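**Student:** Structure file target.txt (compact mmCIF, C-alpha atoms and all ligand atoms) is given on the next line.
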# COMPACT_ATOMS: atom_id res chain seq x y z
CA MET A 110 -15.03 0.58 -8.40
CA GLN A 111 -18.21 -0.52 -6.68
CA ASN A 112 -19.66 0.44 -3.29
CA ALA A 113 -17.72 3.67 -3.24
CA CYS A 114 -18.22 7.38 -3.76
CA SER A 115 -18.29 9.17 -7.10
CA HIS A 116 -14.59 10.10 -6.80
CA ILE A 117 -13.48 6.51 -6.39
CA SER A 118 -15.90 5.37 -9.07
CA ALA A 119 -14.18 7.79 -11.46
CA VAL A 120 -10.85 5.98 -11.09
CA THR A 121 -10.65 3.61 -14.04
CA GLU A 122 -6.97 2.67 -13.84
CA VAL A 123 -5.16 2.84 -10.50
CA LYS A 124 -1.94 4.85 -10.62
CA GLN A 125 0.93 2.88 -9.11
CA PRO A 126 3.90 4.49 -7.34
CA ARG A 127 7.00 5.15 -9.40
CA ARG A 128 9.15 5.38 -6.27
CA ARG A 129 8.94 4.22 -2.66
CA GLU A 130 9.46 7.54 -0.95
CA CYS A 131 7.35 10.52 0.08
CA GLN A 132 8.35 13.27 -2.31
CA GLU A 133 7.71 15.98 0.32
CA CYS A 134 9.44 14.21 3.22
CA VAL A 135 12.53 13.76 1.05
CA LYS A 136 12.70 17.55 0.56
CA ILE A 137 12.58 18.34 4.28
CA GLY A 138 14.47 15.30 5.59
CA SER A 139 11.45 13.90 7.42
CA ASP A 140 10.37 10.30 7.90
CA TRP A 141 7.17 8.58 6.86
CA VAL A 142 5.26 5.48 7.97
CA HIS A 143 3.22 4.43 4.93
CA LEU A 144 2.94 5.78 1.40
CA ARG A 145 -0.05 6.78 -0.73
CA THR A 146 -0.31 7.57 -4.43
CA CYS A 147 -2.51 10.50 -5.46
CA GLN A 148 -4.87 9.29 -8.17
CA SER A 149 -5.22 12.73 -9.73
CA CYS A 150 -1.54 13.58 -10.30
CA GLY A 151 0.47 10.51 -9.27
CA ALA A 152 2.21 12.23 -6.35
CA ILE A 153 3.69 9.80 -3.80
CA LEU A 154 3.02 11.09 -0.29
CA CYS A 155 2.90 9.88 3.30
CA CYS A 156 -0.12 8.69 5.28
CA ASP A 157 -1.87 10.12 8.34
CA SER A 158 0.25 7.97 10.67
CA SER A 159 3.31 9.86 9.44
CA PRO A 160 4.40 13.06 11.25
CA ASP A 161 3.75 15.37 8.30
CA ARG A 162 0.64 13.74 6.77
CA HIS A 163 1.54 14.92 3.30
CA ALA A 164 -1.13 12.89 1.48
CA SER A 165 -4.07 14.46 3.34
CA LYS A 166 -2.50 17.94 3.14
CA HIS A 167 -2.10 17.46 -0.60
CA ALA A 168 -5.69 16.23 -0.95
CA ARG A 169 -7.01 19.37 0.76
CA SER A 170 -4.72 21.94 -0.87
CA SER A 171 -4.82 20.48 -4.39
CA LYS A 172 -8.42 19.20 -4.24
CA HIS A 173 -7.27 15.75 -5.35
CA PRO A 174 -9.77 13.52 -3.55
CA VAL A 175 -8.53 9.97 -4.04
CA ALA A 176 -5.30 8.25 -2.99
CA ALA A 177 -4.29 4.62 -3.34
CA SER A 178 -2.10 2.71 -0.93
CA ALA A 179 1.44 2.58 -2.27
CA GLU A 180 2.36 -0.23 0.09
CA PRO A 181 3.33 -3.55 -1.53
CA GLY A 182 0.46 -6.03 -1.42
CA GLU A 183 -2.20 -3.46 -0.47
CA ARG A 184 -4.92 -2.80 -3.03
CA TRP A 185 -7.28 -0.10 -1.87
CA LEU A 186 -8.36 3.44 -2.67
CA TYR A 187 -9.32 6.11 -0.17
CA CYS A 188 -11.38 9.26 -0.76
CA PHE A 189 -10.46 12.12 1.57
CA VAL A 190 -13.65 14.04 0.74
CA ASP A 191 -16.08 11.25 1.62
CA ASP A 192 -13.91 9.23 4.02
CA ALA A 193 -14.65 6.26 1.74
CA LEU A 194 -12.48 3.19 1.28
CA ALA A 195 -12.67 0.67 -1.54
CA GLU A 196 -10.61 -2.37 -2.40
CA TYR A 197 -9.80 -3.08 -6.00
ZN ZN B 201 -15.33 10.73 -2.79
ZN ZN B 202 5.62 13.03 3.72
ZN ZN B 203 -2.46 15.00 -6.52
Would you mind writing the file's structure down as structure tokens?
**Tutor:**
Amino acid sequence: MQNACSHISAVTEVKQPRRRECQECVKIGSDWVHLRTCQSCGAILCCDSSPDRHASKHARSSKHPVAASAEPGERWLYCFVDDALAEY
């Protein structure tokens, strides 16, 4: 990935979501707005517009810096550490 930080550059193959649901929201019966796929472990989690912001919580607690959009038709990666965005 060009024009991005070292974390995004390290992503060679973008992990795609296996499901279309936030795995943490499902546990607690919460709702989400958009979904992200963690590029370190493949977790599918909700975005910062969602009430519980599971993707950014996961990035901080697990130190997994990069998430991809899991929304159909969107092709971008985001690094939580550097606040960097890159299309692919
Ligand atoms: Zn980064
Ligand atoms: Zn969630
Ligand atoms: Zn992860």
**Student:** Between A:Pro174, A:Arg184, A:Ala113, A:Ala195, which is the closest to Gln148 of chain A once you count only C-alpha atoms?
**Tutor:**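 Among the listed residues, A:Pro174 lies closest to Gln148 of chain A.
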**Student:** Between A:Glu183, A:Val120, A:Arg127, A:Val142, which one has atoms that come closest to Asp161 of chain A, using only C-alpha atoms?
**Tutor:**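 For Asp161 of chain A, the nearest of the candidates is A:Val142.
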**Student:** Calculate how many Å separate atom CA of Leu186 of chain A from atom CA of Val135 of chain A, rounding to one decimal.
**Tutor:**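 Between atom CA of Leu186 of chain A and atom CA of Val135 of chain A the gap works out to 23.6 Å.
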**Student:** Rounded to one decimal in Å, what is the spacing between atom CA of Cys188 of chain A and atom CA of Ser158 of chain A?
**Tutor:**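 That distance, rounded to one decimal, is 16.4 Å.
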**Student:** Do you have the atom CA of Ser118 of chain A-atom CA of Glu130 of chain A distance handy?
**Tutor:**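 Computing the Euclidean distance for atom CA of Ser118 of chain A and atom CA of Glu130 of chain A yields 26.7 Å.
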**Student:** Determine the nearest neighbour of His163 of chain A from the options A:Val190, A:Ile137, A:Ile117, A:Val123, counting only C-alpha atoms.
**Tutor:**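 Smallest distance to His163 of chain A is found for A:Ile137.
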**Student:** Which of these, A:Arg162, A:Ala179, A:His167, A:Asp157, has the shortest distance to Arg129 of chain A once you count only C-alpha atoms?
**Tutor:**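 Checking each candidate against Arg129 of chain A, we get A:Ala179 as the closest.
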**Student:** Which protein, DNA or RNA residues are at most 8 Å from (9.0, 14.3, 10.8) in the file's coordinates when you count all atoms listed in the file, listed as a ChimeraX atom specification?
**Tutor:** /A:134,138-141,159-161
**Student:** Of the candidates A:Cys114, A:Ala168, A:Ala177, A:Ala193, which one gets nearest to Arg145 of chain A if we count only C-alpha atoms?
**Tutor:** A:Ala177
**Student:** Hey, which of A:Ala164, A:Gly182, A:His116, A:Gln125 ends up closest to Leu194 of chain A? Count all atoms listed in the file.
**Tutor:**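 Among A:Ala164, A:Gly182, A:His116, A:Gln125, it is A:His116 that comes nearest to Leu194 of chain A.
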**Student:** Go through the chains and note each residue within 9 Å of ligand ZN 203 (chain B), using only C-alpha atoms and all ligand atoms, then give the set as a ChimeraX atom specification.
**Tutor:** /A:146-153,164,167-168,171-176
**Student:** Draw an axis-aligned box over all listed atoms of segment 171-181 of chain A, pad each side with 5 Å, and write its centre and edge lengths in Å, one decimal, as lines of an AutoDock Vina configuration file.
**Tutor:**
center_x = -3.2
center_y = 8.5
center_z = -2.6
size_x = 23.1
size_y = 34.0
size_z = 15.4
**Student:** Output segment 150-161 of chain A as a tab-separated table (two decimals), in the frame of the given file, making sure all heavy atoms are there.
**Tutor:**
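Saved to rebuild-v6.tsv:
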chain	number	residue	atom	x	y	z
A	150	CYS	N	-2.80	13.11	-9.70
A	150	CYS	CA	-1.54	13.58	-10.30
A	150	CYS	C	-0.39	12.60	-10.13
A	150	CYS	O	0.70	12.86	-10.65
A	150	CYS	CB	-1.17	14.94	-9.72
A	150	CYS	SG	-0.71	14.88	-7.97
A	151	GLY	N	-0.59	11.50	-9.42
A	151	GLY	CA	0.47	10.51	-9.27
A	151	GLY	C	1.49	10.82	-8.19
A	151	GLY	O	2.48	10.10	-8.06
A	152	ALA	N	1.27	11.88	-7.41
A	152	ALA	CA	2.21	12.23	-6.35
A	152	ALA	C	2.28	11.11	-5.32
A	152	ALA	O	1.26	10.51	-4.98
A	152	ALA	CB	1.78	13.53	-5.67
A	153	ILE	N	3.49	10.83	-4.82
A	153	ILE	CA	3.69	9.80	-3.80
A	153	ILE	C	3.94	10.52	-2.47
A	153	ILE	O	4.91	11.28	-2.34
A	153	ILE	CB	4.87	8.89	-4.18
A	153	ILE	CG1	4.59	8.26	-5.54
A	153	ILE	CG2	5.10	7.82	-3.12
A	153	ILE	CD1	5.85	7.86	-6.28
A	154	LEU	N	3.05	10.29	-1.52
A	154	LEU	CA	3.02	11.09	-0.29
A	154	LEU	C	2.73	10.20	0.90
A	154	LEU	O	2.22	9.08	0.75
A	154	LEU	CB	1.94	12.18	-0.42
A	154	LEU	CG	2.20	13.18	-1.56
A	154	LEU	CD1	0.92	13.90	-1.94
A	154	LEU	CD2	3.29	14.14	-1.19
A	155	CYS	N	3.00	10.72	2.11
A	155	CYS	CA	2.90	9.88	3.30
A	155	CYS	C	1.51	9.95	3.94
A	155	CYS	O	0.75	10.89	3.77
A	155	CYS	CB	3.99	10.26	4.30
A	155	CYS	SG	3.98	11.98	4.79
A	156	CYS	N	1.21	8.90	4.72
A	156	CYS	CA	-0.12	8.69	5.28
A	156	CYS	C	-0.34	9.50	6.55
A	156	CYS	O	0.56	10.19	7.04
A	156	CYS	CB	-0.26	7.20	5.62
A	156	CYS	SG	0.75	6.72	7.04
A	157	ASP	N	-1.52	9.37	7.13
A	157	ASP	CA	-1.87	10.12	8.34
A	157	ASP	C	-1.20	9.58	9.61
A	157	ASP	O	-1.29	10.21	10.66
A	157	ASP	CB	-3.39	10.14	8.53
A	157	ASP	CG	-4.05	11.19	7.67
A	157	ASP	OD1	-3.33	11.94	6.99
A	157	ASP	OD2	-5.29	11.28	7.68
A	158	SER	N	-0.54	8.45	9.53
A	158	SER	CA	0.25	7.97	10.67
A	158	SER	C	1.65	8.56	10.66
A	158	SER	O	2.40	8.41	11.61
A	158	SER	CB	0.37	6.44	10.63
A	158	SER	OG	-0.91	5.85	10.63
A	159	SER	N	1.99	9.24	9.57
A	159	SER	CA	3.31	9.86	9.44
A	159	SER	C	3.27	11.26	10.06
A	159	SER	O	2.22	11.89	10.10
A	159	SER	CB	3.68	9.95	7.96
A	159	SER	OG	3.56	8.69	7.34
A	160	PRO	N	4.40	11.76	10.55
A	160	PRO	CA	4.40	13.06	11.25
A	160	PRO	C	3.85	14.20	10.40
A	160	PRO	O	3.18	15.09	10.93
A	160	PRO	CB	5.89	13.29	11.58
A	160	PRO	CG	6.54	11.95	11.51
A	160	PRO	CD	5.73	11.11	10.57
A	161	ASP	N	4.11	14.21	9.12
A	161	ASP	CA	3.75	15.37	8.30
A	161	ASP	C	2.49	15.19	7.46
A	161	ASP	O	2.02	16.15	6.86
A	161	ASP	CB	4.94	15.74	7.40
A	161	ASP	CG	6.12	16.24	8.23
A	161	ASP	OD1	6.00	17.31	8.83
A	161	ASP	OD2	7.13	15.52	8.29
